[in-house]
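Shown next: structure-v2.txt, given as compact mmCIF, C-alpha atoms.
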# COMPACT_ATOMS: atom_id res chain seq x y z
CA MET A 164 0.00 0.00 0.00
CA GLU A 165 1.30 3.43 -0.95
CA PHE A 166 1.05 6.33 1.48
CA GLY A 167 0.47 10.02 0.94
CA THR A 168 -1.04 12.87 2.90
CA PHE A 169 -4.18 14.99 2.72
CA MET A 170 -4.70 18.48 4.15
CA THR A 171 -7.67 20.73 4.76
CA MET A 172 -5.56 23.14 6.85
CA GLN A 173 -8.32 23.62 9.41
CA SER A 174 -8.18 25.81 12.49
CA PRO A 175 -10.92 25.66 15.15
CA GLU A 176 -9.65 28.92 16.63
CA ALA A 177 -9.55 30.62 13.19
CA ALA A 178 -5.82 31.36 13.40
CA PRO A 179 -4.23 33.97 11.09
CA SER A 180 -3.92 32.75 7.51
CA ASP A 181 -0.18 33.38 7.22
CA ARG A 182 0.44 31.07 10.17
CA ILE A 183 -1.72 28.33 8.64
CA TYR A 184 -0.02 28.59 5.26
CA ALA A 185 3.44 28.44 6.85
CA ARG A 186 2.36 25.23 8.59
CA ALA A 187 1.14 23.80 5.29
CA LEU A 188 4.50 24.33 3.64
CA ASP A 189 6.30 22.63 6.55
CA VAL A 190 3.95 19.63 6.36
CA ALA A 191 4.42 19.38 2.59
CA GLN A 192 8.20 19.40 2.88
CA MET A 193 8.06 16.90 5.74
CA ALA A 194 5.79 14.64 3.68
CA GLU A 195 8.34 14.57 0.87
CA SER A 196 11.26 14.00 3.24
CA ILE A 197 9.67 10.91 4.84
CA GLY A 198 8.86 9.31 1.50
CA LEU A 199 5.14 9.91 1.05
CA THR A 200 4.17 9.66 -2.61
CA ARG A 201 1.36 12.23 -2.89
CA LEU A 202 0.18 15.45 -1.30
CA TRP A 203 -3.49 16.35 -1.69
CA LEU A 204 -5.26 19.58 -0.77
CA ALA A 205 -9.01 19.77 -0.30
CA GLU A 206 -11.03 22.56 -1.85
CA HIS A 207 -13.51 24.17 0.53
CA HIS A 208 -14.74 27.74 0.80
CA PHE A 209 -15.66 30.38 3.36
CA THR A 210 -15.13 28.62 6.73
CA ASN A 211 -12.33 27.83 9.17
CA TYR A 212 -12.95 24.13 8.46
CA ALA A 213 -10.46 24.54 5.62
CA TYR A 214 -8.17 27.35 4.49
CA THR A 215 -7.77 25.63 1.11
CA SER A 216 -10.12 27.66 -1.06
CA ARG A 217 -7.63 27.79 -3.98
CA PRO A 218 -5.69 24.54 -3.67
CA ILE A 219 -4.07 24.68 -7.10
CA VAL A 220 -2.65 28.14 -6.34
CA LEU A 221 -1.12 26.85 -3.10
CA LEU A 222 0.11 23.66 -4.78
CA SER A 223 1.95 25.82 -7.32
CA HIS A 224 3.87 27.38 -4.43
CA ILE A 225 4.49 23.99 -2.84
CA ALA A 226 5.76 22.72 -6.20
CA ALA A 227 8.56 25.28 -6.06
CA ARG A 228 9.61 24.07 -2.59
CA THR A 229 9.53 20.30 -3.31
CA ARG A 230 11.04 18.02 -5.93
CA ARG A 231 9.52 14.54 -5.90
CA ILE A 232 6.15 14.34 -4.16
CA ARG A 233 3.17 14.33 -6.51
CA LEU A 234 0.60 17.10 -6.05
CA GLY A 235 -3.12 17.33 -6.55
CA PRO A 236 -6.45 18.76 -5.41
CA ALA A 237 -8.68 16.29 -3.59
CA ILE A 238 -10.98 17.28 -4.91
CA VAL A 239 -11.95 20.04 -7.30
CA PRO A 240 -15.75 20.34 -6.85
CA LEU A 241 -16.46 20.54 -10.56
CA PRO A 242 -19.97 22.02 -10.40
CA LEU A 243 -18.46 25.22 -8.96
CA HIS A 244 -16.19 25.78 -11.97
CA HIS A 245 -16.03 25.80 -15.73
CA PRO A 246 -14.13 22.62 -16.65
CA LEU A 247 -11.80 24.41 -19.07
CA VAL A 248 -10.60 26.74 -16.31
CA VAL A 249 -9.93 23.69 -14.13
CA ALA A 250 -7.98 22.05 -16.97
CA GLU A 251 -5.91 25.19 -17.59
CA GLU A 252 -4.99 25.52 -13.91
CA LEU A 253 -4.02 21.85 -13.66
CA ALA A 254 -1.95 22.05 -16.84
CA THR A 255 -0.14 25.09 -15.44
CA LEU A 256 0.57 23.25 -12.19
CA ASP A 257 1.86 20.27 -14.15
CA VAL A 258 4.36 22.48 -15.98
CA LEU A 259 5.47 24.30 -12.83
CA SER A 260 5.88 21.04 -10.88
CA GLY A 261 7.83 19.26 -13.59
CA GLY A 262 5.03 16.81 -14.39
CA ARG A 263 3.85 15.87 -10.88
CA VAL A 264 0.12 16.59 -11.10
CA GLU A 265 -2.59 14.17 -9.94
CA VAL A 266 -6.15 15.21 -10.86
CA GLY A 267 -8.79 14.73 -8.15
CA LEU A 268 -12.39 15.43 -9.19
CA GLY A 269 -15.78 15.23 -7.51
CA LYS A 270 -18.93 17.15 -6.64
CA GLY A 271 -18.19 18.60 -3.23
CA TYR A 272 -20.65 18.17 -0.39
CA GLN A 273 -21.14 21.48 1.43
CA GLN A 274 -24.33 23.34 0.55
CA TYR A 275 -23.00 26.23 2.66
CA GLN A 276 -20.41 27.01 0.00
CA TYR A 277 -22.78 26.26 -2.89
CA ASP A 278 -25.17 28.86 -1.44
CA ARG A 279 -22.53 31.54 -1.63
CA PHE A 280 -21.96 30.79 -5.31
CA GLY A 281 -25.71 30.99 -5.91
CA MET A 282 -25.95 27.27 -6.68
CA THR A 283 -27.69 24.16 -5.39
CA LYS A 284 -25.68 21.06 -4.61
CA GLY A 285 -26.44 18.18 -6.96
CA GLU A 286 -28.87 20.06 -9.17
CA ASP A 287 -27.25 19.35 -12.57
CA GLU A 288 -25.89 15.81 -12.84
CA ARG A 289 -25.50 16.03 -16.62
CA ARG A 290 -23.27 19.09 -16.40
CA TYR A 291 -21.13 17.35 -13.78
CA LEU A 292 -20.66 14.24 -15.90
CA GLU A 293 -19.77 16.29 -18.97
CA SER A 294 -17.30 18.35 -16.93
CA ILE A 295 -15.41 15.19 -15.95
CA GLU A 296 -15.06 14.18 -19.59
CA ILE A 297 -14.00 17.67 -20.70
CA VAL A 298 -11.24 17.95 -18.07
CA GLN A 299 -9.87 14.56 -19.13
CA ARG A 300 -9.99 15.38 -22.84
CA ALA A 301 -8.38 18.77 -22.33
CA LEU A 302 -5.48 17.30 -20.33
CA HIS A 303 -4.99 14.12 -22.35
CA GLN A 304 -5.51 15.29 -25.95
CA PRO A 305 -3.40 18.06 -27.54
CA THR A 306 -6.48 19.40 -29.35
CA PHE A 307 -10.05 18.40 -28.56
CA SER A 308 -13.66 19.36 -29.09
CA TYR A 309 -16.84 18.48 -27.25
CA GLU A 310 -20.54 18.33 -28.03
CA GLY A 311 -22.88 17.68 -25.13
CA GLN A 312 -26.09 18.94 -23.61
CA SER A 313 -24.43 21.42 -21.26
CA PHE A 314 -21.21 22.23 -23.13
CA HIS A 315 -20.40 22.88 -26.79
CA ILE A 316 -16.67 23.38 -27.26
CA ALA A 317 -15.11 24.06 -30.65
CA PRO A 318 -11.64 22.60 -31.38
CA THR A 319 -9.47 23.83 -28.51
CA ARG A 320 -5.87 23.47 -27.40
CA LEU A 321 -4.61 24.32 -23.92
CA TYR A 322 -1.75 26.74 -23.43
CA PRO A 323 0.27 25.66 -21.60
CA GLN A 324 0.12 22.01 -22.53
CA PRO A 325 0.69 19.71 -19.52
CA LEU A 326 4.03 17.93 -19.37
CA GLN A 327 2.44 14.58 -18.59
CA ARG A 328 0.81 12.96 -21.57
CA ARG A 329 -1.88 11.45 -19.34
CA ALA A 330 -1.95 12.92 -15.85
CA PRO A 331 -3.50 10.37 -13.44
CA CYS A 332 -7.14 11.19 -12.66
CA TRP A 333 -9.07 10.30 -9.50
CA LEU A 334 -12.82 10.42 -8.87
CA VAL A 335 -14.75 10.39 -5.60
CA VAL A 336 -17.19 7.45 -5.69
CA ASN A 337 -19.77 5.88 -3.40
CA SER A 338 -18.56 2.30 -2.90
CA SER A 339 -22.09 1.07 -2.15
CA ARG A 340 -23.36 2.22 -5.56
CA ARG A 341 -22.26 0.18 -8.55
CA GLU A 342 -23.04 2.97 -11.01
CA SER A 343 -20.80 5.36 -9.07
CA VAL A 344 -17.86 2.94 -9.20
CA ALA A 345 -18.56 2.19 -12.87
CA LEU A 346 -18.35 5.89 -13.74
CA ALA A 347 -14.73 5.94 -12.59
CA THR A 348 -13.64 2.61 -14.03
CA ARG A 349 -15.16 3.31 -17.46
CA ALA A 350 -13.16 6.54 -17.61
CA GLY A 351 -9.96 4.85 -16.44
CA MET A 352 -9.91 6.92 -13.27
CA ASN A 353 -8.51 5.90 -9.89
CA LEU A 354 -11.03 5.86 -7.03
CA PHE A 355 -11.36 7.84 -3.80
CA THR A 356 -13.85 6.11 -1.49
CA GLY A 357 -14.54 4.75 2.00
CA VAL A 358 -13.87 7.95 3.90
CA LEU A 359 -16.90 8.34 6.19
CA GLU A 360 -18.30 4.87 6.87
CA PRO A 361 -17.12 2.82 9.86
CA ILE A 362 -13.99 0.80 9.13
CA SER A 363 -15.86 -2.38 10.07
CA ARG A 364 -18.36 -1.74 7.25
CA LEU A 365 -16.01 -0.87 4.40
CA ILE A 366 -16.81 -2.42 1.01
CA ASP A 367 -14.06 -4.04 -1.05
CA VAL A 368 -15.03 -2.60 -4.42
CA ARG A 369 -12.83 -4.97 -6.43
CA ALA A 370 -14.51 -7.96 -4.80
CA ALA A 371 -17.99 -6.42 -4.99
CA TYR A 372 -17.78 -5.46 -8.68
CA PRO A 373 -15.05 -7.65 -10.22
CA ASP A 374 -16.30 -7.15 -13.77
CA LEU A 375 -15.77 -3.40 -13.51
CA PHE A 376 -12.05 -3.95 -12.89
CA SER A 377 -11.44 -6.88 -15.24
CA ASP A 378 -9.86 -4.71 -17.94
CA ARG A 379 -8.61 -2.04 -15.48
CA PRO A 380 -6.37 -4.04 -13.10
CA GLY A 381 -3.94 -1.16 -12.60
CA LEU A 382 -6.45 1.31 -11.14
CA LEU A 383 -5.69 2.56 -7.64
CA ILE A 384 -8.27 2.54 -4.88
CA GLY A 385 -7.54 5.23 -2.33
CA THR A 386 -9.00 6.45 0.92
CA GLN A 387 -8.06 8.72 3.84
CA ARG A 388 -8.57 9.04 7.58
CA PRO A 389 -7.23 11.15 10.45
CA VAL A 390 -3.90 9.64 11.56
CA TYR A 391 -1.95 10.27 14.74
CA VAL A 392 0.89 8.06 15.95
CA ALA A 393 0.96 8.78 19.67
CA LYS A 394 3.87 8.72 22.08
CA ASN A 395 1.66 7.47 24.94
CA GLU A 396 -1.96 6.86 25.90
CA ALA A 397 -2.62 10.41 27.11
CA ASP A 398 -1.26 11.75 23.82
CA ALA A 399 -3.57 9.43 21.89
CA ALA A 400 -6.62 10.38 23.96
CA ASP A 401 -6.05 14.07 23.28
CA ALA A 402 -5.67 13.40 19.55
CA VAL A 403 -9.08 11.70 19.57
CA ARG A 404 -10.48 14.90 21.10
CA ALA A 405 -8.99 16.91 18.22
CA ALA A 406 -10.32 14.42 15.68
CA ARG A 407 -13.78 14.78 17.18
CA TRP A 408 -13.86 18.49 16.24
CA ASN A 409 -12.98 17.52 12.69
CA GLY A 410 -15.62 14.79 12.61
CA ARG A 411 -18.37 16.99 14.01
CA ALA A 412 -17.61 19.82 11.59
CA THR A 413 -17.44 17.43 8.65
CA VAL A 414 -20.75 15.74 9.42
CA ARG A 415 -22.58 18.99 10.16
CA LEU A 416 -21.35 20.64 6.96
CA ARG A 417 -22.13 17.52 4.93
CA TYR A 418 -25.72 17.35 6.15
CA ASP A 419 -26.34 21.11 6.17
CA ALA A 420 -26.65 21.15 9.96
CA ALA A 421 -23.70 23.39 10.81
CA GLN A 422 -24.07 26.74 12.53
CA VAL A 423 -21.52 29.12 11.01
CA HIS A 424 -20.87 32.63 12.31
CA ASP A 425 -18.47 34.89 10.43
CA GLY A 426 -16.98 31.80 8.81
CA VAL A 427 -16.37 29.95 12.10
CA VAL A 428 -18.04 26.54 12.32
CA ARG A 429 -19.66 25.53 15.61
CA ALA A 430 -18.72 21.86 15.86
CA ASP A 431 -21.38 20.88 18.40
CA ALA A 432 -22.02 17.29 19.39
CA PHE A 433 -24.63 15.45 17.35
CA PRO A 434 -27.05 12.72 18.48
CA GLY A 435 -25.61 9.23 18.55
CA GLU A 436 -22.03 10.25 17.87
CA PRO A 437 -19.44 7.54 18.61
CA SER A 438 -17.65 7.34 21.93
CA ASP A 439 -13.90 7.84 22.17
CA GLU A 440 -13.48 4.06 22.18
CA GLN A 441 -15.66 3.68 19.08
CA MET A 442 -13.76 6.48 17.37
CA ARG A 443 -10.46 4.68 17.85
CA ARG A 444 -11.89 1.30 16.93
CA ASP A 445 -13.91 2.21 13.84
CA TYR A 446 -13.26 5.72 12.48
CA VAL A 447 -9.69 6.97 12.90
CA VAL A 448 -6.10 5.75 12.93
CA ILE A 449 -4.93 6.96 16.33
CA GLY A 450 -2.82 5.19 18.93
CA THR A 451 0.56 3.54 19.31
CA ALA A 452 2.48 2.60 16.18
CA ASN A 453 1.32 -1.01 16.50
CA GLU A 454 -2.30 0.09 16.90
CA CYS A 455 -2.00 2.27 13.80
CA VAL A 456 -0.49 -0.60 11.80
CA ARG A 457 -3.37 -2.90 12.76
CA GLN A 458 -5.96 -0.24 11.93
CA LEU A 459 -4.40 0.42 8.52
CA GLN A 460 -4.36 -3.30 7.81
CA LYS A 461 -8.10 -3.42 8.57
CA ILE A 462 -8.70 -0.50 6.21
CA ARG A 463 -6.55 -2.08 3.48
CA ASP A 464 -8.28 -5.44 3.75
CA GLY A 465 -11.81 -4.08 4.23
CA LEU A 466 -11.71 -1.67 1.31
CA GLY A 467 -9.23 -3.51 -0.89
CA CYS A 468 -7.32 -0.25 -1.20
CA ASN A 469 -3.74 0.10 -2.38
CA TYR A 470 -3.35 3.79 -1.56
CA PHE A 471 -3.92 5.62 1.73
CA SER A 472 -3.79 9.35 2.46
CA ALA A 473 -2.95 10.11 6.06
CA SER A 474 -4.64 13.26 7.35
CA PHE A 475 -2.04 14.14 9.99
CA TRP A 476 -3.25 17.69 10.70
CA PHE A 477 -6.75 17.93 12.11
CA GLY A 478 -8.60 19.90 14.75
CA ASP A 479 -6.39 21.96 17.03
CA LEU A 480 -3.32 19.67 17.05
CA SER A 481 -0.23 21.82 17.44
CA HIS A 482 2.27 22.03 14.60
CA GLU A 483 4.93 20.31 16.68
CA ARG A 484 2.66 17.36 17.45
CA VAL A 485 1.69 16.96 13.79
CA LEU A 486 5.32 16.84 12.67
CA ALA A 487 6.25 14.45 15.49
CA SER A 488 3.41 12.12 14.53
CA MET A 489 4.55 12.19 10.91
CA SER A 490 8.07 11.27 11.98
CA ARG A 491 6.82 8.34 14.06
CA PHE A 492 4.58 7.24 11.16
CA ALA A 493 7.59 7.07 8.83
CA ARG A 494 9.79 5.32 11.37
CA ASP A 495 7.37 2.89 13.00
CA VAL A 496 4.34 2.39 10.71
CA MET A 497 5.35 2.57 7.05
CA PRO A 498 8.06 -0.13 7.33
CA ALA A 499 5.40 -2.71 8.29
CA PHE A 500 3.82 -2.27 4.88
CA SER A 501 7.14 -2.25 3.07
CA ARG A 502 7.88 -5.63 4.65
CA ALA A 503 4.47 -6.90 3.57
CA ARG A 504 5.15 -5.90 -0.05
CA SER A 505 8.55 -7.57 0.08
CA ALA A 506 7.00 -10.78 1.41
CA GLU A 507 4.35 -10.78 -1.33
CA HIS A 508 7.01 -10.55 -4.04
CA ALA A 509 9.46 -13.00 -2.45
Give the structure from this file in structure tokens form.
Amino acid sequence: MEFGTFMTMQSPEAAPSDRIYARALDVAQMAESIGLTRLWLAEHHFTNYAYTSRPIVLLSHIAARTRRIRLGPAIVPLPLHHPLVVAEELATLDVLSGGRVEVGLGKGYQQYQYDRFGMTKGEDERRYLESIEIVQRALHQPTFSYEGQSFHIAPTRLYPQPLQRRAPCWLVVNSSRRESVALATRAGMNLFTGVLEPISRLIDVRAAYPDLFSDRPGLLIGTQRPVYVAKNEADAADAVRAARWNGRATVRLRYDAAQVHDGVVRADAFPGEPSDEQMRRDYVVIGTANECVRQLQKIRDGLGCNYFSASFWFGDLSHERVLASMSRFARDVMPAFSRARSAEHA
């Protein structure tokens, strides 16, 4: 299983933006130094849940300060943008990064931000599907055209052209819906899935829909969770507290139940939320190195995934604790999966 990292750059206390962006650069450079393969930035707007409103702009800066790690938005909520603008920005990032772009696409889930763009979440499925195809054509074909119901594009060529002939594309899918998985596999796109459901109820999409992968064996299946490799039990318990803020904010924004004042999300408790014990057992990767290894093995086996994005920075974890957790992850967790790969190929 390959490992990367995912950032929303959230701040419950709504810290100054320059401080948050300085932290992001440190985490990106640390991620490269410990051998993570990909760095993803979410795209969210108008709240302290995420300072990543223009992820491709920030990734362009990170590209200048890194050399190897691959870079991508996870995800661009396509309904909020014209697909040709998305393609141009990604092509520019690919040139500036020396051909390191990964393309993450999806719908986005926060009606709060859709409202501020004067839009309704999920109202135009056809436009969304056409946007996916247009971004792929624009990045993968030197010159392309498109005729659909929502878009009519005369022969067009991007300037700049991306360096990669076919930048890898990823799509957010619902693993419980065959048609959602099929949308990605038909387009030759890697899959992001299994982020919110309990770990004990993950669906192995390759096993569930083997025919969809029969001629696409090389597709990656990726997921992400909050990760904290603790130095002791008290450290782990406090990380669960920080993860709870993230979980509450995520769920409330997803289901349009968040109270937001001046951009600050109130992450209040919600009915039936999991206990700390349930959080550690079934939702997050937090604990000693050995506990984290076992939890990642459960995620790998339950989902059938071969890529995992560790969300090291969540809630109000201090910068020093995030970097220390990353260091312990590289030293004490990643080698367990390197040994597993070596044993499989022995």
Using all atoms listed in the file for the distances, tell me which of A:Met172, A:Gly167, A:Arg369, A:Asp181 is nearest to Leu234 of chain A. A:Gly167
Pick out the closest residue to Tyr184 of chain A from this set: A:Met170, A:Ile197, A:Leu359, A:Ala330. Count all atoms listed in the file.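 Selected residue with least distance to Tyr184 of chain A: A:Met170.
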Might you pull out every residue within 7 Å of segment 273-287 of chain A, with all atoms listed in the file counted and same-chain residues fewer than 3 positions away left off, and present them as a PyMOL selection string? chain A and resi 208-209+290-291+416-417+419
What does the distance from atom CA of Ile462 of chain A to atom CA of Val448 of chain A come to in Å, to one decimal?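 These two atoms are separated by 9.5 Å.
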Atom CA of Ala177 of chain A and atom CA of Thr215 of chain A are how many Å apart?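 Calculated distance between atom CA of Ala177 of chain A and atom CA of Thr215 of chain A is 13.2 Å.
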Between A:Leu268, A:Ile225, A:Ala493, A:Val298, which one has atoms that come closest to Val190 of chain A, using only C-alpha atoms? A:Ile225
Can you measure atom CA of Trp203 of chain A to atom CA of Ala237 of chain A for me? One decimal in Å is fine. 5.5 Å
Contacts of Leu199 of chain A at 12 Å (only C-alpha atoms; same-chain gap of 2+ positions) as a PyMOL selection string: chain A and resi 164-169+190-197+201-203+231-234+470-473+489-490+492-493+497
Need the axis-aligned box for segment 409-420 of chain A with 3 Å each side, so what are the centre and edges in Å to one decimal, as lines of an AutoDock Vina configuration file?
center_x = -19.8
center_y = 18.0
center_z = 9.5
size_x = 19.7
size_y = 12.4
size_z = 15.1
I'd like the contact shell of Glu310 of chain A - 10 Å cut-off, all atoms listed in the file, skipping same-chain residues fewer than 4 positions apart - returned as number ranges by chain. A: 293, 297, 314-317
Kindly provide, as a list in words, the polymer residues lying within 8 Å of (-17.6, 31.8, 7.4), counting all atoms listed in the file and using the coordinates exactly as they appear in the file.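 Every residue inside that radius is included here: Phe209, Thr210, Asn211, Val423, His424, Asp425, Gly426, Val427 and Val428 of chain A.
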For the residues selected in the previous step, produce a file with C-alpha atoms as an mmCIF file, in the frame of the given file.
data_model
loop_
_atom_site.group_PDB
_atom_site.id
_atom_site.type_symbol
_atom_site.label_atom_id
_atom_site.label_comp_id
_atom_site.auth_asym_id
_atom_site.auth_seq_id
_atom_site.Cartn_x
_atom_site.Cartn_y
_atom_site.Cartn_z
ATOM 1 C CA PHE A 209 -15.660 30.380 3.360
ATOM 2 C CA THR A 210 -15.130 28.620 6.730
ATOM 3 C CA ASN A 211 -12.330 27.830 9.170
ATOM 4 C CA VAL A 423 -21.520 29.120 11.010
ATOM 5 C CA HIS A 424 -20.870 32.630 12.310
ATOM 6 C CA ASP A 425 -18.470 34.890 10.430
ATOM 7 C CA GLY A 426 -16.980 31.800 8.810
ATOM 8 C CA VAL A 427 -16.370 29.950 12.100
ATOM 9 C CA VAL A 428 -18.040 26.540 12.320
#
